[in-house]
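Coordinates as given in start_7.txt (compact mmCIF, C-alpha atoms and all ligand atoms):
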```txt
# COMPACT_ATOMS: atom_id res chain seq x y z
CA MET A 21 0.00 0.00 0.00
CA GLY A 22 3.02 2.26 -0.30
CA ALA A 23 3.16 3.27 3.36
CA LYS A 24 5.91 5.82 3.71
CA LEU A 25 6.14 6.02 7.50
CA MET A 26 7.55 2.65 8.40
CA ALA A 27 8.56 0.96 11.63
CA GLU A 28 11.79 2.91 11.92
CA ASP A 29 9.94 6.22 11.98
CA PHE A 30 7.83 5.11 14.93
CA LYS A 31 10.98 5.08 17.01
CA SER A 32 11.40 8.81 16.49
CA ALA A 33 7.67 9.26 17.16
CA LYS A 34 8.40 7.99 20.66
CA ASN A 35 10.42 11.17 21.25
CA TRP A 36 7.50 13.38 20.29
CA ARG A 37 5.49 15.19 22.91
CA PRO A 38 1.83 14.13 23.41
CA ALA A 39 0.26 16.79 21.16
CA THR A 40 2.52 15.77 18.27
CA ARG A 41 1.85 12.07 18.83
CA LEU A 42 -1.89 12.79 18.71
CA VAL A 43 -1.72 14.59 15.37
CA ARG A 44 0.92 12.51 13.57
CA GLY A 45 1.41 9.22 15.40
CA GLY A 46 0.71 6.07 13.41
CA THR A 47 0.08 7.86 10.09
CA LYS A 48 0.71 5.63 7.09
CA ARG A 49 0.51 7.71 3.94
CA SER A 50 -0.36 5.93 0.71
CA ASP A 51 1.22 6.67 -2.69
CA TYR A 52 -1.50 9.29 -3.26
CA GLY A 53 0.12 11.52 -0.64
CA GLU A 54 -3.14 12.34 1.17
CA THR A 55 -2.91 14.81 4.07
CA SER A 56 -5.72 13.23 6.05
CA GLU A 57 -5.38 9.55 6.88
CA ALA A 58 -7.02 7.22 4.36
CA LEU A 59 -10.17 5.30 5.19
CA TYR A 60 -9.73 1.72 3.98
CA MET A 61 -13.32 0.50 3.78
CA THR A 62 -12.57 -3.09 2.93
CA SER A 63 -13.33 -6.38 4.58
CA GLY A 64 -10.91 -8.44 2.49
CA TYR A 65 -7.54 -8.22 0.69
CA VAL A 66 -6.24 -9.69 -2.57
CA TYR A 67 -2.93 -11.41 -3.19
CA ASP A 68 -0.59 -11.32 -6.19
CA SER A 69 -0.32 -15.09 -6.20
CA ALA A 70 -1.40 -18.23 -4.40
CA GLU A 71 2.12 -18.38 -2.94
CA SER A 72 1.70 -14.91 -1.52
CA ALA A 73 -1.65 -15.83 0.05
CA GLU A 74 -0.01 -18.87 1.63
CA ALA A 75 2.87 -16.75 2.95
CA ARG A 76 0.50 -14.17 4.46
CA PHE A 77 -1.46 -16.87 6.26
CA SER A 78 1.68 -18.56 7.54
CA GLY A 79 3.01 -15.23 8.79
CA ASP A 80 6.09 -15.36 6.52
CA GLU A 81 4.86 -12.29 4.67
CA ASP A 82 3.57 -9.10 6.30
CA GLY A 83 0.18 -7.84 5.23
CA HIS A 84 -3.50 -8.06 5.88
CA VAL A 85 -5.70 -11.07 5.25
CA TYR A 86 -9.15 -10.11 6.56
CA SER A 87 -10.50 -7.08 8.43
CA ARG A 88 -11.62 -9.13 11.43
CA TYR A 89 -7.86 -9.74 11.85
CA GLY A 90 -6.68 -6.25 10.99
CA ASN A 91 -7.18 -3.24 8.72
CA PRO A 92 -4.81 -0.38 7.78
CA THR A 93 -7.10 2.35 9.15
CA VAL A 94 -7.58 0.41 12.39
CA ASP A 95 -3.77 -0.04 12.54
CA MET A 96 -3.27 3.73 12.38
CA PHE A 97 -5.73 4.30 15.23
CA GLU A 98 -4.09 1.58 17.34
CA GLU A 99 -0.58 2.93 16.77
CA ARG A 100 -1.58 6.50 17.54
CA LEU A 101 -3.33 5.59 20.79
CA ALA A 102 -0.48 3.26 21.87
CA LEU A 103 1.98 6.10 21.30
CA LEU A 104 -0.07 8.49 23.39
CA GLU A 105 -0.47 5.99 26.22
CA GLY A 106 3.18 4.94 26.09
CA ALA A 107 2.02 1.32 25.63
CA GLU A 108 3.77 -1.30 23.50
CA ALA A 109 0.54 -2.36 21.83
CA CYS A 110 -3.09 -1.48 21.28
CA TYR A 111 -6.06 -3.52 20.06
CA GLY A 112 -9.06 -1.60 18.70
CA THR A 113 -12.51 -2.99 19.56
CA ALA A 114 -16.13 -2.39 18.55
CA SER A 115 -17.04 -0.60 21.81
CA GLY A 116 -15.69 0.15 25.25
CA MET A 117 -17.52 -2.87 26.66
CA ALA A 118 -15.95 -5.08 23.97
CA ALA A 119 -12.60 -3.80 25.28
CA VAL A 120 -13.48 -4.57 28.92
CA TRP A 121 -14.82 -8.03 28.07
CA GLY A 122 -11.98 -8.71 25.62
CA ALA A 123 -9.34 -7.90 28.24
CA LEU A 124 -10.97 -9.80 31.11
CA SER A 125 -11.92 -12.86 29.05
CA SER A 126 -8.36 -13.06 27.67
CA ILE A 127 -6.93 -13.17 31.20
CA LEU A 128 -9.47 -15.31 33.08
CA LYS A 129 -10.62 -18.91 32.81
CA ALA A 130 -12.90 -21.19 34.82
CA GLY A 131 -11.62 -21.62 38.36
CA ASP A 132 -10.00 -18.17 38.52
CA HIS A 133 -10.90 -15.27 40.80
CA ILE A 134 -11.15 -11.54 40.06
CA VAL A 135 -11.07 -8.66 42.56
CA ALA A 136 -12.79 -5.47 41.41
CA SER A 137 -13.65 -2.11 42.90
CA LYS A 138 -17.29 -1.70 43.87
CA ALA A 139 -17.87 1.58 42.05
CA LEU A 140 -18.06 0.44 38.43
CA PHE A 141 -19.83 1.52 35.26
CA GLY A 142 -23.13 -0.43 35.09
CA SER A 143 -22.11 -2.85 32.30
CA CYS A 144 -18.68 -3.46 33.88
CA TYR A 145 -20.52 -4.36 37.08
CA GLN A 146 -22.69 -6.85 35.14
CA ILE A 147 -19.62 -8.49 33.56
CA VAL A 148 -17.90 -8.98 36.93
CA THR A 149 -20.93 -10.00 39.00
CA SER A 150 -23.13 -11.95 36.60
CA ILE A 151 -21.41 -12.81 33.30
CA LEU A 152 -17.97 -13.98 34.45
CA PRO A 153 -19.52 -16.22 37.16
CA ARG A 154 -21.41 -18.09 34.39
CA PHE A 155 -18.01 -19.11 33.05
CA GLY A 156 -16.79 -20.27 36.45
CA VAL A 157 -14.93 -17.13 37.50
CA ASP A 158 -15.43 -16.05 41.13
CA PHE A 159 -15.37 -12.41 42.14
CA THR A 160 -14.91 -10.17 45.17
CA LEU A 161 -15.94 -6.52 45.17
CA VAL A 162 -13.97 -4.15 47.39
CA GLU A 163 -14.02 -0.51 48.46
CA GLY A 164 -11.55 0.66 45.82
CA PRO A 165 -9.84 3.44 47.81
CA ASP A 166 -9.10 1.03 50.71
CA LEU A 167 -5.82 -0.71 49.77
CA SER A 168 -6.08 -3.16 52.68
CA ALA A 169 -9.38 -4.41 51.20
CA TRP A 170 -7.61 -5.38 47.93
CA LYS A 171 -4.99 -7.26 49.91
CA ALA A 172 -7.56 -9.03 52.08
CA ALA A 173 -9.56 -10.13 49.01
CA VAL A 174 -6.65 -12.00 47.41
CA ARG A 175 -6.98 -15.79 47.08
CA ASP A 176 -4.64 -18.45 45.68
CA ASN A 177 -6.54 -18.31 42.38
CA THR A 178 -6.71 -14.50 42.03
CA LYS A 179 -5.61 -13.73 38.46
CA CYS A 180 -6.96 -10.26 37.85
CA PHE A 181 -7.60 -6.89 39.53
CA PHE A 182 -10.04 -4.55 37.79
CA LEU A 183 -10.79 -0.94 38.65
CA GLU A 184 -12.15 2.28 37.25
CA THR A 185 -10.79 5.65 38.42
CA PRO A 186 -12.32 8.19 38.63
CA ALA A 187 -15.35 5.92 38.85
CA ASN A 188 -18.61 6.44 37.01
CA PRO A 189 -20.62 8.29 38.32
CA VAL A 190 -19.43 9.10 41.85
CA LEU A 191 -15.89 10.09 40.77
CA GLU A 192 -14.35 7.98 43.50
CA VAL A 193 -10.58 7.87 43.00
CA ILE A 194 -8.35 4.83 43.56
CA ASP A 195 -4.60 4.84 44.19
CA ILE A 196 -3.45 3.03 41.01
CA ALA A 197 0.18 2.65 42.12
CA GLY A 198 -0.96 1.23 45.47
CA VAL A 199 -3.25 -1.38 43.87
CA ALA A 200 -0.57 -2.17 41.25
CA ARG A 201 1.90 -3.02 44.02
CA ILE A 202 -0.53 -5.51 45.57
CA ALA A 203 -1.35 -6.96 42.13
CA ARG A 204 2.36 -7.54 41.47
CA GLU A 205 2.84 -9.29 44.84
CA THR A 206 -0.21 -11.43 44.04
CA GLY A 207 0.81 -12.25 40.48
CA ALA A 208 -2.51 -10.83 39.25
CA MET A 209 -2.86 -8.57 36.20
CA LEU A 210 -4.17 -5.08 36.89
CA VAL A 211 -6.72 -3.82 34.35
CA VAL A 212 -7.67 -0.12 34.60
CA ASP A 213 -10.73 1.40 32.93
CA ASN A 214 -9.34 4.89 32.18
CA VAL A 215 -12.40 6.25 30.38
CA PHE A 216 -13.20 9.11 32.77
CA ALA A 217 -9.61 10.36 33.07
CA THR A 218 -8.68 9.85 29.40
CA PRO A 219 -5.01 9.31 28.41
CA VAL A 220 -4.60 13.10 28.56
CA LEU A 221 -5.14 13.33 32.34
CA GLN A 222 -3.90 9.98 33.66
CA SER A 223 -1.37 7.31 32.60
CA PRO A 224 -2.18 4.10 34.50
CA MET A 225 0.67 2.10 32.90
CA GLN A 226 3.25 4.53 34.28
CA LEU A 227 1.69 3.83 37.69
CA GLY A 228 2.06 0.05 37.27
CA ALA A 229 -1.14 -1.08 35.49
CA ASP A 230 -0.72 -3.98 33.03
CA ILE A 231 -3.72 -3.22 30.84
CA VAL A 232 -5.68 -0.03 30.14
CA VAL A 233 -9.10 -0.06 28.50
CA TYR A 234 -10.98 2.77 26.77
CA SER A 235 -14.36 3.46 25.35
CA GLY A 236 -13.53 5.34 22.14
CA THR A 237 -17.20 6.33 22.09
CA LYS A 238 -16.58 8.86 24.86
CA HIS A 239 -13.81 11.50 24.73
CA ILE A 240 -11.76 9.93 21.91
CA ASP A 241 -14.57 10.47 19.41
CA GLY A 242 -15.78 13.31 21.58
CA GLN A 243 -18.51 14.37 19.20
CA GLY A 244 -21.05 11.63 19.77
CA ARG A 245 -20.77 9.87 16.41
CA VAL A 246 -19.40 6.34 16.64
CA MET A 247 -18.93 3.41 19.01
CA GLY A 248 -15.45 2.05 19.57
CA GLY A 249 -12.96 0.93 22.17
CA ALA A 250 -9.36 -0.07 22.77
CA ILE A 251 -7.18 -2.34 24.89
CA LEU A 252 -3.63 -1.13 25.64
CA SER A 253 -1.11 -3.75 26.74
CA SER A 254 2.35 -5.23 26.25
CA GLN A 255 3.13 -6.64 22.79
CA GLN A 256 3.37 -10.10 24.36
CA PHE A 257 -0.12 -9.89 25.92
CA LYS A 258 -1.56 -8.69 22.60
CA ASP A 259 0.11 -11.47 20.60
CA GLU A 260 -0.36 -14.35 23.02
CA GLN A 261 -3.64 -13.58 24.77
CA LEU A 262 -5.68 -10.92 22.99
CA LYS A 263 -5.24 -11.98 19.38
CA PRO A 264 -6.20 -15.64 19.91
CA MET A 265 -9.35 -14.53 21.74
CA LEU A 266 -10.47 -11.49 19.73
CA ARG A 267 -9.64 -12.62 16.19
CA HIS A 268 -11.91 -15.60 16.60
CA THR A 269 -14.70 -14.05 18.65
CA GLY A 270 -14.95 -10.95 16.41
CA PRO A 271 -15.49 -7.73 18.46
CA THR A 272 -13.76 -5.91 15.60
CA LEU A 273 -13.45 -2.14 15.32
CA ALA A 274 -14.99 -1.11 11.98
CA PRO A 275 -12.64 0.84 9.63
CA PHE A 276 -15.02 3.81 9.43
CA ASN A 277 -15.29 4.03 13.22
CA ALA A 278 -11.51 3.68 13.53
CA TRP A 279 -11.10 6.57 11.10
CA VAL A 280 -13.47 8.81 13.09
CA LEU A 281 -11.62 7.92 16.31
CA LEU A 282 -8.23 8.48 14.66
CA LYS A 283 -9.30 11.99 13.66
CA GLY A 284 -10.82 12.47 17.14
CA LEU A 285 -7.42 11.80 18.69
CA GLU A 286 -5.99 14.82 16.84
CA THR A 287 -8.05 17.18 18.99
CA LEU A 288 -8.32 15.03 22.14
CA LYS A 289 -5.81 17.00 24.20
CA LEU A 290 -7.28 20.38 23.29
CA ARG A 291 -10.82 19.24 23.99
CA VAL A 292 -10.13 17.43 27.24
CA GLU A 293 -8.04 20.29 28.62
CA ALA A 294 -10.69 22.88 27.74
CA GLN A 295 -13.54 20.73 29.09
CA THR A 296 -11.57 20.02 32.28
CA ALA A 297 -10.91 23.72 32.86
CA SER A 298 -14.65 24.40 32.48
CA ALA A 299 -15.54 21.46 34.75
CA LEU A 300 -13.45 22.90 37.59
CA LYS A 301 -15.12 26.31 37.23
CA ILE A 302 -18.56 24.68 37.18
CA ALA A 303 -17.74 22.52 40.22
CA ARG A 304 -16.74 25.66 42.13
CA ALA A 305 -19.91 27.50 41.06
CA LEU A 306 -22.05 24.53 42.17
CA GLU A 307 -20.29 24.53 45.55
CA ASP A 308 -21.48 28.10 46.04
CA ASN A 309 -25.05 27.27 45.01
CA SER A 310 -27.33 26.75 48.03
CA ALA A 311 -29.65 24.47 46.02
CA ILE A 312 -26.76 21.99 45.69
CA GLU A 313 -25.99 19.84 48.73
CA ARG A 314 -22.70 18.28 47.72
CA VAL A 315 -20.29 18.46 44.80
CA LEU A 316 -17.94 15.62 43.87
CA TYR A 317 -15.01 16.68 41.71
CA PRO A 318 -11.45 15.32 41.96
CA TRP A 319 -9.82 18.78 41.87
CA LEU A 320 -11.78 20.20 44.84
CA ASP A 321 -10.10 19.81 48.23
CA THR A 322 -13.45 18.54 49.56
CA HIS A 323 -13.05 15.38 47.44
CA PRO A 324 -12.46 12.34 49.71
CA GLN A 325 -9.36 11.25 47.73
CA TYR A 326 -8.08 14.73 46.89
CA GLU A 327 -4.43 13.91 47.72
CA ILE A 328 -4.39 10.86 45.41
CA CYS A 329 -6.12 12.84 42.64
CA LYS A 330 -3.36 15.45 42.77
CA LYS A 331 -0.69 12.74 42.77
CA GLN A 332 -1.87 10.60 39.87
CA MET A 333 -3.96 12.88 37.66
CA ARG A 334 -3.06 15.94 35.58
CA GLY A 335 -6.51 17.50 35.98
CA GLY A 336 -9.84 16.80 37.65
CA SER A 337 -11.61 15.34 34.56
CA THR A 338 -14.44 16.61 32.38
CA MET A 339 -17.06 15.11 34.72
CA VAL A 340 -18.78 16.63 37.75
CA ALA A 341 -21.18 14.78 40.08
CA PHE A 342 -23.44 16.63 42.48
CA GLU A 343 -26.36 16.13 44.81
CA VAL A 344 -29.36 18.44 44.57
CA ALA A 345 -30.91 19.54 47.88
CA GLY A 346 -34.02 17.35 48.27
CA GLY A 347 -34.57 14.07 46.44
CA LYS A 348 -35.32 12.60 43.03
CA ASP A 349 -38.11 15.14 42.36
CA GLN A 350 -35.79 18.10 42.89
CA ALA A 351 -33.12 16.45 40.72
CA PHE A 352 -35.69 15.87 37.94
CA ASP A 353 -36.93 19.48 38.30
CA LEU A 354 -33.41 20.75 37.73
CA LEU A 355 -33.05 18.57 34.61
CA SER A 356 -36.36 19.78 33.20
CA ARG A 357 -35.36 23.45 33.55
CA LEU A 358 -32.01 23.24 31.73
CA GLN A 359 -32.00 25.15 28.44
CA ILE A 360 -28.54 24.35 27.06
CA ILE A 361 -27.30 21.20 28.78
CA ASP A 362 -28.98 18.12 27.29
CA ILE A 363 -30.33 15.17 29.26
CA SER A 364 -28.27 12.24 27.98
CA ASN A 365 -26.40 9.29 29.45
CA ASN A 366 -23.50 9.66 26.98
CA LEU A 367 -20.38 11.53 28.11
CA GLY A 368 -17.14 13.06 26.92
CA ASP A 369 -19.01 14.91 24.17
CA ALA A 370 -18.46 18.46 22.85
CA LYS A 371 -22.04 19.07 24.00
CA SER A 372 -22.62 19.21 27.75
CA LEU A 373 -24.75 16.26 28.83
CA ILE A 374 -26.34 15.46 32.16
CA THR A 375 -27.92 12.31 33.54
CA HIS A 376 -29.64 10.96 36.65
CA PRO A 377 -27.61 7.75 37.20
CA ALA A 378 -30.03 6.12 39.66
CA SER A 379 -32.81 5.96 37.05
CA THR A 380 -30.64 5.42 33.93
CA THR A 381 -27.05 4.11 33.75
CA HIS A 382 -27.16 2.50 37.19
CA ARG A 383 -30.83 1.50 37.23
CA ASN A 384 -30.26 -2.22 36.59
CA ILE A 385 -27.78 -2.85 39.38
CA GLY A 386 -30.52 -2.36 42.00
CA GLU A 387 -30.99 -0.18 45.05
CA GLN A 388 -28.56 -2.00 47.31
CA ALA A 389 -25.63 -1.87 44.90
CA ARG A 390 -26.40 1.80 44.23
CA ALA A 391 -26.29 2.55 47.95
CA ALA A 392 -22.97 0.71 48.24
CA MET A 393 -21.56 2.84 45.39
CA GLY A 394 -22.86 6.04 46.95
CA ILE A 395 -25.34 6.77 44.14
CA SER A 396 -28.22 8.64 45.74
CA ASP A 397 -31.58 9.55 44.21
CA ASN A 398 -30.64 13.25 44.25
CA MET A 399 -27.34 12.74 42.40
CA LEU A 400 -26.73 14.06 38.89
CA ARG A 401 -23.72 13.44 36.67
CA LEU A 402 -22.64 16.23 34.36
CA SER A 403 -20.33 15.74 31.39
CA VAL A 404 -18.91 19.17 30.62
CA GLY A 405 -18.66 20.08 26.94
CA LEU A 406 -17.02 22.75 24.84
CA GLU A 407 -19.67 25.48 25.10
CA ASP A 408 -18.72 28.78 26.73
CA CYS A 409 -18.32 27.92 30.40
CA ASP A 410 -20.25 31.00 31.55
CA ASP A 411 -23.30 29.91 29.54
CA LEU A 412 -23.18 26.53 31.29
CA ILE A 413 -22.82 28.12 34.74
CA GLU A 414 -25.79 30.41 33.98
CA ASP A 415 -27.86 27.47 32.68
CA LEU A 416 -27.26 25.52 35.91
CA ALA A 417 -27.88 28.58 38.08
CA ALA A 418 -31.18 29.32 36.31
CA ALA A 419 -32.26 25.67 36.64
CA THR A 420 -31.69 25.77 40.40
CA GLY A 421 -33.59 29.07 40.69
CA GLY A 422 -30.36 30.88 41.53
C1 LIG B 501 -19.09 4.18 28.54
C2 LIG B 501 -18.18 3.46 29.42
C3 LIG B 501 -17.77 2.14 29.11
C4 LIG B 501 -18.30 1.39 27.92
O1 LIG B 501 -18.06 1.98 26.70
P1 LIG B 501 -19.01 1.74 25.41
O2 LIG B 501 -18.25 2.35 24.29
O3 LIG B 501 -20.31 2.41 25.71
O4 LIG B 501 -19.19 0.28 25.27
C5 LIG B 501 -16.89 1.53 29.98
N1 LIG B 501 -16.43 2.14 31.08
C6 LIG B 501 -16.79 3.41 31.40
C7 LIG B 501 -16.24 4.03 32.62
C8 LIG B 501 -17.67 4.10 30.58
O5 LIG B 501 -18.05 5.34 30.91
```

For this file, write the structure as structure tokens.
Amino acid sequence: MGAKLMAEDFKSAKNWRPATRLVRGGTKRSDYGETSEALYMTSGYVYDSAESAEARFSGDEDGHVYSRYGNPTVDMFEERLALLEGAEACYGTASGMAAVWGALSSILKAGDHIVASKALFGSCYQIVTSILPRFGVDFTLVEGPDLSAWKAAVRDNTKCFFLETPANPVLEVIDIAGVARIARETGAMLVVDNVFATPVLQSPMQLGADIVVYSGTKHIDGQGRVMGGAILSSQQFKDEQLKPMLRHTGPTLAPFNAWVLLKGLETLKLRVEAQTASALKIARALEDNSAIERVLYPWLDTHPQYEICKKQMRGGSTMVAFEVAGGKDQAFDLLSRLQIIDISNNLGDAKSLITHPASTTHRNIGEQARAAMGISDNMLRLSVGLEDCDDLIEDLAAATGG
């Protein structure tokens, strides 16, 4: 395909700073010399000869054989994200949940045990507590911020630690380096769902995580268009554990979606930094609003894990959780009065979106699990977008009658 930027060039890409990696990393220009990365909408590939087909299948010749196995546009996305994360390898997937399931199912088998933090995204919670057990994998849920709880949960057959930080929706923060130390002593692999922090604000691998998973659907696309996900790991884990599982089970990232995500990465840093700056201002404004009982934001010194946030994150995230004075009715009233901010369970978008987790994203887990995660009926979760921050602050103030 006439790719000009070959393996050797990727070495120099490793010296680039993050913004440069995001714009140029992984680019493979074809002979047409296109500026914007090409979109290879193809499921299959042709060979010059039967011998060549044989050599591709045997691995003696480099090149693609089928888009469930790999695609040049998907390759570019994977290389760019791996460069940003500082990971050896990346595997693109059809969604964030395909990435979570792909990582966990490649590590675990019947008879194994997983320890996970209690505060998880709804579907992650379902995988750990009801899907993995069907395949003979036992689980223990722990209070993520309590390192002694991780240690106490370890069994002889513990093969995996799984956590999300900051957690959806309560923004609970877990000491990644602390959990990584216990995972290493245990011989368990640490998988971190880094969706809320994004690779811009937090680098779990530098803190000792083995695997990082993303929903590309969220900040990486960032404009609410496509589903996608990614698993970051060592080259060995990708080759020996991920490929044998994912090539045959088929949670493939579509070339078009990979292309949208690849272009999304170019502006990821700018967007996340701007949205994070707005989120901090909004969190402070909500703290001063008497109609708001409590604000949860990692960059406020009232956050329960403020010290850890400052140590392991480069910003407080684009997400703000808060409790409206009163109950569900008052929370719903606030939602109904918003003029700019949309009611939506998606997040990481250029448009500010707000949701009531107890009745939407965390409805299925039940009242007890919600209480354990600290999700109250008066809690709202705001994903801060790229609008003018003052318009958002005024929208929230007007909706609370302030
Ligand atoms: C959205 C989300 C996922 C799942 O991503 P999808 O692309 O929707 O499958 C996983 N973890 C967290 C924290 C999320 O917010």

Identify, on the basis of only C-alpha atoms, every residue whose closest approach to Ala217 (chain A) does not exceed 10 Å; exclude the query and any residue fewer than 6 positions from it along the same chain; express the result as a PyMOL selection string. chain A and resi 184-187+191+223-224+234+239+292+296+333-339

Dump as a tab-separated table the rows for residues of chain A within 9 Å of ligand LIG 501 (chain B): closest atom pair and distance in Å with one decimal, all atoms listed in the file counted, ordered by chain and rising residue number.
```
residue	atom	partner	partner_atom	distance
A:Ala114	CA	B:LIG501	O2	7.7
A:Ser115	CA	B:LIG501	O2	4.0
A:Gly116	CA	B:LIG501	O1	3.3
A:Met117	CA	B:LIG501	O4	3.8
A:Ala118	CA	B:LIG501	O4	6.4
A:Ala119	CA	B:LIG501	O4	7.8
A:Val120	CA	B:LIG501	C5	7.1
A:Leu140	CA	B:LIG501	C7	7.1
A:Phe141	CA	B:LIG501	C7	5.1
A:Gly142	CA	B:LIG501	N1	8.2
A:Ser143	CA	B:LIG501	C4	7.2
A:Cys144	CA	B:LIG501	C5	6.6
A:Glu184	CA	B:LIG501	C7	6.4
A:Thr185	CA	B:LIG501	C7	8.1
A:Pro186	CA	B:LIG501	C7	8.3
A:Ala187	CA	B:LIG501	C7	6.6
A:Asn188	CA	B:LIG501	C7	5.5
A:Pro189	CA	B:LIG501	C7	8.4
A:Asp213	CA	B:LIG501	N1	6.0
A:Asn214	CA	B:LIG501	C7	7.0
A:Val215	CA	B:LIG501	C7	5.0
A:Phe216	CA	B:LIG501	C7	5.9
A:Val233	CA	B:LIG501	N1	8.1
A:Tyr234	CA	B:LIG501	C5	6.8
A:Ser235	CA	B:LIG501	O2	4.2
A:Gly236	CA	B:LIG501	O2	6.0
A:Thr237	CA	B:LIG501	O2	4.7
A:Lys238	CA	B:LIG501	C1	6.5
A:Val246	CA	B:LIG501	O2	8.7
A:Met247	CA	B:LIG501	O2	5.4
A:Gly248	CA	B:LIG501	O2	5.5
A:Gly249	CA	B:LIG501	O2	5.9
A:Asn365	CA	B:LIG501	C1	9.0
A:Asn366	CA	B:LIG501	C1	7.2
A:Leu367	CA	B:LIG501	O5	7.2
A:Gly368	CA	B:LIG501	O5	8.7
```

Those selected residues, please, written with C-alpha atoms and delivered as a JSON list (two decimals), in the frame of the given file.
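Once written, part-v9.json looks like this:
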```
[["chain", "number", "residue", "atom", "x", "y", "z"],
["A", 114, "ALA", "CA", -16.13, -2.39, 18.55],
["A", 115, "SER", "CA", -17.04, -0.60, 21.81],
["A", 116, "GLY", "CA", -15.69, 0.15, 25.25],
["A", 117, "MET", "CA", -17.52, -2.87, 26.66],
["A", 118, "ALA", "CA", -15.95, -5.08, 23.97],
["A", 119, "ALA", "CA", -12.60, -3.80, 25.28],
["A", 120, "VAL", "CA", -13.48, -4.57, 28.92],
["A", 140, "LEU", "CA", -18.06, 0.44, 38.43],
["A", 141, "PHE", "CA", -19.83, 1.52, 35.26],
["A", 142, "GLY", "CA", -23.13, -0.43, 35.09],
["A", 143, "SER", "CA", -22.11, -2.85, 32.30],
["A", 144, "CYS", "CA", -18.68, -3.46, 33.88],
["A", 184, "GLU", "CA", -12.15, 2.28, 37.25],
["A", 185, "THR", "CA", -10.79, 5.65, 38.42],
["A", 186, "PRO", "CA", -12.32, 8.19, 38.63],
["A", 187, "ALA", "CA", -15.35, 5.92, 38.85],
["A", 188, "ASN", "CA", -18.61, 6.44, 37.01],
["A", 189, "PRO", "CA", -20.62, 8.29, 38.32],
["A", 213, "ASP", "CA", -10.73, 1.40, 32.93],
["A", 214, "ASN", "CA", -9.34, 4.89, 32.18],
["A", 215, "VAL", "CA", -12.40, 6.25, 30.38],
["A", 216, "PHE", "CA", -13.20, 9.11, 32.77],
["A", 233, "VAL", "CA", -9.10, -0.06, 28.50],
["A", 234, "TYR", "CA", -10.98, 2.77, 26.77],
["A", 235, "SER", "CA", -14.36, 3.46, 25.35],
["A", 236, "GLY", "CA", -13.53, 5.34, 22.14],
["A", 237, "THR", "CA", -17.20, 6.33, 22.09],
["A", 238, "LYS", "CA", -16.58, 8.86, 24.86],
["A", 246, "VAL", "CA", -19.40, 6.34, 16.64],
["A", 247, "MET", "CA", -18.93, 3.41, 19.01],
["A", 248, "GLY", "CA", -15.45, 2.05, 19.57],
["A", 249, "GLY", "CA", -12.96, 0.93, 22.17],
["A", 365, "ASN", "CA", -26.40, 9.29, 29.45],
["A", 366, "ASN", "CA", -23.50, 9.66, 26.98],
["A", 367, "LEU", "CA", -20.38, 11.53, 28.11],
["A", 368, "GLY", "CA", -17.14, 13.06, 26.92]]
```

Take the point (-6.3, -9.4, 37.2) as written in the file and pick out every residue within 7 Å of it, counting only C-alpha atoms; give the list as a PyMOL selection string. chain A and resi 134+179-182+208-211

Can you list, as an NGL selection string, every protein, DNA or RNA residue that comes within 12 Å of Leu152 (chain A) when you count all atoms listed in the file, leaving out same-chain residues fewer than 2 positions away? :A and (120-122 or 124-135 or 144-150 or 154-160)

Option closest in space to Leu355 (chain A), from A:Arg401, A:Lys301, A:Lys171, A:Arg314 [counting only C-alpha atoms]: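 Once distances to Leu355 (chain A) are computed over only C-alpha atoms, the minimum belongs to A:Arg401.
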
At what distance in Å, to one decimal, does CA of Ala107 (chain A) lie from CA of Val190 (chain A)?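 Separation between CA of Val190 (chain A) and CA of Ala107 (chain A): 28.0 Å.
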
Identify, on the basis of all atoms listed in the file, every residue whose closest approach to Ser63 (chain A) does not exceed 8 Å; exclude the query and any residue fewer than 3 positions from it along the same chain; express the result as a PDB file with C-alpha atoms, in the frame of the given file.
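For reference, part.pdb as written:
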```pdb
ATOM      1  CA  TYR A  86      -9.150 -10.110   6.560  1.00  0.00           C
ATOM      2  CA  SER A  87     -10.500  -7.080   8.430  1.00  0.00           C
ATOM      3  CA  ARG A  88     -11.620  -9.130  11.430  1.00  0.00           C
TER       4      ARG A  88
END
```

Provide an axis-aligned box for all listed atoms of region 202-215 of chain A, padding each side by 6 Å; report its centre and its edge lengths in Å to one decimal, as AutoDock Vina command-line options.
```
--center_x -4.8 --center_y -3.0 --center_z 38.0 --size_x 27.2 --size_y 30.5 --size_z 27.2
```

Which one is closest to His323 (chain A): A:Asp166, A:Asp397, A:Glu192, A:Asp415? Count only C-alpha atoms.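 The shortest atom-to-atom distance to His323 (chain A) comes from A:Glu192.
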
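Using only C-alpha atoms, the nearest neighbour of Cys110 (chain A) within the list A:Leu266, A:Ala311, A:Ala136, A:Val232 is A:Val232.
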
Ranking A:Asn384, A:Ser364, A:Ser69, A:Thr206 by minimum distance to Asp176 (chain A) and counting all atoms listed in the file, which one comes first?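 Once distances to Asp176 (chain A) are computed over all atoms listed in the file, the minimum belongs to A:Thr206.
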
Do you know which residues are at most 10 Å from Arg304 (chain A) counting only C-alpha atoms, after dropping those on the same chain fewer than 3 positions away, and could you put them as a CSV table (one decimal) with C-alpha atoms, in the coordinates of the input?
```csv
chain,number,residue,atom,x,y,z
A,298,SER,CA,-14.6,24.4,32.5
A,299,ALA,CA,-15.5,21.5,34.8
A,300,LEU,CA,-13.4,22.9,37.6
A,301,LYS,CA,-15.1,26.3,37.2
A,307,GLU,CA,-20.3,24.5,45.6
A,308,ASP,CA,-21.5,28.1,46.0
A,309,ASN,CA,-25.0,27.3,45.0
A,315,VAL,CA,-20.3,18.5,44.8
A,317,TYR,CA,-15.0,16.7,41.7
A,319,TRP,CA,-9.8,18.8,41.9
A,320,LEU,CA,-11.8,20.2,44.8
A,413,ILE,CA,-22.8,28.1,34.7
```
